[in-house]
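Data block below; observations after.
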Amino acid sequence: MQDSKSGIKGSDQKLNVTTIPYVITGKDVIAWIANKMKTTVEGLAAQVFGNMLVAYGYIYPLQNHKKLVMCNDNTLYRFQTPYFWPTQKWVAEDSDYAIYLAKRNIRKKGMLEPYEQAHYNHLHKWLNHKWDFIVMQATEQYKAGKERKKPDRVVFDCQERAYWMINRPPRRTHSAMDCGPDRLIDPSVEEKITFDQYRRMNIFYQQAIMRSKVKSSVSLGALVKYVTTYKNHDAFLAPCLPSNPWQTDSDAYWNLNMRRVDVPTKMRVERWSFSLFELLTDLRGRDDFKIFLKKEFSGENLAFWEAAEELKWGTASSMKTKAETIFKTFLAPGAPRWINIDGRTMGLTVKGLEHPHRYVLEAAQTHVFLLMKKDTFFRYLKSPVYKDIQKKALNPEPHNFSPAQLEQNAQSRGPGIHPIILWQQEEEEKAKAAAASAPVDVKAMMSKIDRKK
């Protein structure tokens, strides 16, 4: 069926705004099967055989992924990748399904479908002993997926969703792999759309219509500006100073650009001025930003942003404790480091903290980030703190290694620092910083002084 000469002819089709390669239609599949089987009863046998191909996951629908039947019309389908074929005979384990749901939960920011949310909650209780490992795997797969091209990413998501739709179907859904009596329904019956689904669709289309559009000239101008800004910081477009460690085996570049080096390089300090995101992503830049905020007595916004990041990327076991600490420190009435956000965002955040999850602080964190971006960040760039670090920043001279020196560097190459050791060092530094910034009990200090006297 997939043969380039005698198989079903596929073409590129647009799904929403993404072009999907090699898409086939239901009527083409049924016509091809009928031609090969040489059936005469109006393609009935071809229709049944096409339904079996979809039911067992060899072909999957692109639009209505819950309807696992072959429609004799222009409905779009694709061939499933051989890795997900039932003939592979690898068991669909609960841990793999939990990783898939956790990845979808990260991508959808908690907006799973009802049956997926029910499976997610059940697996969270059932696999709680290794849930941190599941979330870590899901996060790594999500990051790896973002590096793919958008068409490839959409195709892989459809393939994965089609596989789990067959192996972990919703309740009372027809499935060829799991034929329980409580799941069998007539697959040809059209799904009834409830009033709530119509309401949600109406809201979605209203928001899509009201969404601001950007002209192509504006988008191209923004792209040119971005390339102009970052071209000197791209290792493929500009040389690394003092030398490229992958070419010279010299670790000078790594040592100068360590996470929390005392004196950064000029290129690194220049990158902080590009955006607040660049400044906060660099731990050395964030430390410098903290010094500025401490002098202005306004460090609670950055502290709240960091706490929200720890909650988002931290372990599931400590989520509830961190949420309570954040509420008492930043959001509760009379909190020691109370943050100033609007009432609506505060209400939504406090209500969400009753049942905390990783993204419960998303709205408040975004609000605080925009406040720092519009006001504090530009004052930091004009402050003596930033100008002082600009003057102290290093501008390393380029290395000119001879062939003999390059060979010697390759022979004396040493192992790098293990990521776990770096993580332990960061945790120790965080603990020391937290202990240094903790409130001082004046009465206890005075009592100690009196005892010494």
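Naming scheme: A, B, ... for chains in displayed order of the structure tokens; residues 1 onward per chain; ligands 1 onward as shown.
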
Q. Quick one: DSSP alpha helix (DSSP H) residues in region 23-221 of chain A, as a ChimeraX atom specification?
A. /A:26-37,44-55,94-108,114-126,131-146,150-167,195-210,216-221

Need to verify the contact set: Tyr120 (chain A), 8 Å, only C-alpha atoms, exclusion of same-chain residues closer than 6 positions in sequence. Can you return it as a PDB file with N, CA and C atoms, in the first residue's frame?
```pdb
ATOM      1  N   ALA A  98       1.913   6.754  31.321  1.00  0.00           N
ATOM      2  CA  ALA A  98       2.022   7.864  32.276  1.00  0.00           C
ATOM      3  C   ALA A  98       2.979   8.935  31.753  1.00  0.00           C
ATOM      4  N   LEU A 101       1.098  10.865  29.062  1.00  0.00           N
ATOM      5  CA  LEU A 101       0.115  11.797  29.622  1.00  0.00           C
ATOM      6  C   LEU A 101       0.797  12.978  30.312  1.00  0.00           C
ATOM      7  N   ALA A 102       1.913  12.715  31.006  1.00  0.00           N
ATOM      8  CA  ALA A 102       2.637  13.820  31.656  1.00  0.00           C
ATOM      9  C   ALA A 102       3.193  14.788  30.616  1.00  0.00           C
TER      10      ALA A 102
END
```

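Residues lying within 10 Å of Ile326 (chain A), counting only C-alpha atoms and ignoring same-chain neighbours fewer than 2 positions away, are Ala303, Phe304, Ala307, Ala308, Leu311, Lys320, Thr321, Lys322, Ala323, Glu324, Lys328, Thr329, Phe330, Leu331, Ala332, Ala335, Arg337, Leu353 and Leu361 of chain A.
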
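The closest residue to Phe84 (chain A), picked from A:Ala31, A:Leu127, A:Val23, A:Ile166 and counting only C-alpha atoms, is A:Ile166.
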
Q: For Leu381 (chain A), list every protein, DNA or RNA residue within 12 Å, evaluated using only C-alpha atoms, and leave out those in the same chain fewer than 6 positions away; present the list as an NGL selection string.
A: :A and (269-276 or 279 or 285 or 288-289 or 292 or 373 or 375 or 387-390)

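Using only C-alpha atoms, the residues found no farther than 10 Å from region 14-20 of chain A, other than those of its own chain fewer than 5 positions away, are Leu62, Gln63, Leu76, Arg78, Lys150, Pro151, Asp152, Val154 and Val155 of chain A.
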
Dump of N, CA and C atoms for the selected residues, as a short mmCIF file (atom, residue, chain, number, x, y, z; two decimals), in the first residue's frame:
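File written: result32.cif
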```
data_model
loop_
_atom_site.label_atom_id
_atom_site.label_comp_id
_atom_site.auth_asym_id
_atom_site.auth_seq_id
_atom_site.Cartn_x
_atom_site.Cartn_y
_atom_site.Cartn_z
N LEU A 62 -6.47 11.76 10.96
CA LEU A 62 -5.80 13.01 11.35
C LEU A 62 -6.75 13.99 12.02
N GLN A 63 -8.04 13.91 11.74
CA GLN A 63 -8.95 14.94 12.24
C GLN A 63 -9.72 14.44 13.46
N LEU A 76 -9.14 12.62 6.07
CA LEU A 76 -7.68 12.49 5.93
C LEU A 76 -7.14 11.43 6.88
N ARG A 78 -3.29 8.89 7.66
CA ARG A 78 -1.87 8.66 7.39
C ARG A 78 -1.52 7.23 7.80
N LYS A 150 8.20 21.79 12.93
CA LYS A 150 6.79 21.72 13.32
C LYS A 150 6.02 20.60 12.62
N PRO A 151 6.16 20.40 11.29
CA PRO A 151 5.44 19.28 10.66
C PRO A 151 5.82 17.93 11.26
N ASP A 152 7.12 17.72 11.51
CA ASP A 152 7.55 16.45 12.11
C ASP A 152 6.98 16.30 13.52
N VAL A 154 4.16 17.64 14.70
CA VAL A 154 2.72 17.36 14.62
C VAL A 154 2.47 15.92 14.21
N VAL A 155 3.24 15.40 13.25
CA VAL A 155 3.08 14.03 12.79
C VAL A 155 3.37 13.04 13.91
#
```

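DSSP on the backbone gives strand (DSSP E or B) for these parts of region 24-78 of chain A: Ile24, Thr25, Ile59, Tyr60, Pro61, Leu76, Tyr77 and Arg78 of chain A.
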
Which neighbours of Tyr163 (chain A) fall inside 9 Å, counting only C-alpha atoms, when residues of the same chain fewer than 2 positions from it are skipped, and could you give them as an mmCIF file with N, CA, C and O atoms, in the first residue's frame?
```
data_model
loop_
_atom_site.group_PDB
_atom_site.id
_atom_site.type_symbol
_atom_site.label_atom_id
_atom_site.label_comp_id
_atom_site.auth_asym_id
_atom_site.auth_seq_id
_atom_site.Cartn_x
_atom_site.Cartn_y
_atom_site.Cartn_z
ATOM 1 N N GLY A 57 -4.656 0.036 14.096
ATOM 2 C CA GLY A 57 -3.621 1.051 14.195
ATOM 3 C C GLY A 57 -2.618 1.086 13.073
ATOM 4 O O GLY A 57 -1.563 1.713 13.225
ATOM 5 N N TYR A 60 -4.178 5.741 10.729
ATOM 6 C CA TYR A 60 -4.842 6.528 11.772
ATOM 7 C C TYR A 60 -5.444 7.800 11.169
ATOM 8 O O TYR A 60 -4.903 8.365 10.212
ATOM 9 N N GLN A 80 0.539 4.612 9.811
ATOM 10 C CA GLN A 80 1.250 4.607 11.087
ATOM 11 C C GLN A 80 2.687 4.148 10.877
ATOM 12 O O GLN A 80 2.969 3.300 10.009
ATOM 13 N N PHE A 84 4.969 1.539 15.817
ATOM 14 C CA PHE A 84 3.733 1.427 16.590
ATOM 15 C C PHE A 84 2.794 0.346 16.055
ATOM 16 O O PHE A 84 1.645 0.279 16.474
ATOM 17 N N TRP A 85 3.236 -0.487 15.143
ATOM 18 C CA TRP A 85 2.378 -1.543 14.620
ATOM 19 C C TRP A 85 2.137 -2.619 15.684
ATOM 20 O O TRP A 85 3.039 -2.930 16.483
ATOM 21 N N CYS A 158 0.559 13.003 16.433
ATOM 22 C CA CYS A 158 -0.602 12.260 15.919
ATOM 23 C C CYS A 158 -0.356 10.750 15.978
ATOM 24 O O CYS A 158 -1.249 9.975 16.332
ATOM 25 N N GLN A 159 0.859 10.316 15.636
ATOM 26 C CA GLN A 159 1.184 8.889 15.677
ATOM 27 C C GLN A 159 1.102 8.349 17.107
ATOM 28 O O GLN A 159 0.524 7.282 17.342
ATOM 29 N N GLU A 160 1.656 9.109 18.047
ATOM 30 C CA GLU A 160 1.653 8.665 19.436
ATOM 31 C C GLU A 160 0.233 8.649 20.005
ATOM 32 O O GLU A 160 -0.156 7.717 20.714
ATOM 33 N N ARG A 161 -0.536 9.667 19.692
ATOM 34 C CA ARG A 161 -1.915 9.733 20.183
ATOM 35 C C ARG A 161 -2.747 8.597 19.598
ATOM 36 O O ARG A 161 -3.579 7.988 20.292
ATOM 37 N N MET A 165 -4.655 5.771 21.691
ATOM 38 C CA MET A 165 -6.101 5.710 21.527
ATOM 39 C C MET A 165 -6.565 4.265 21.342
ATOM 40 O O MET A 165 -7.664 3.890 21.749
ATOM 41 N N ILE A 166 -5.702 3.436 20.756
ATOM 42 C CA ILE A 166 -6.035 2.031 20.553
ATOM 43 C C ILE A 166 -5.716 1.200 21.792
ATOM 44 O O ILE A 166 -6.500 0.339 22.196
ATOM 45 N N ASN A 167 -4.575 1.451 22.420
ATOM 46 C CA ASN A 167 -4.135 0.635 23.550
ATOM 47 C C ASN A 167 -4.662 1.116 24.888
ATOM 48 O O ASN A 167 -4.668 0.348 25.851
ATOM 49 N N ARG A 168 -5.059 2.381 24.996
ATOM 50 C CA ARG A 168 -5.687 2.896 26.216
ATOM 51 C C ARG A 168 -6.905 3.734 25.819
ATOM 52 O O ARG A 168 -6.902 4.956 25.950
#
```

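With distances restricted to only C-alpha atoms, A:Asp249 is the closest residue to Phe401 (chain A) from A:Pro264, A:Asp249, A:Phe377, A:Arg259.
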
**Q.** Residue neighbourhood Met346 (chain A), 12 Å, only C-alpha atoms, exclusion window fewer than 2 positions, as number ranges by chain
**A.** A: 327, 330-333, 338-344, 348-353, 360-365, 367-368

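Here CA of Asn121 (chain A) stands at a distance of 15.7 Å from CA of Lys108 (chain A).
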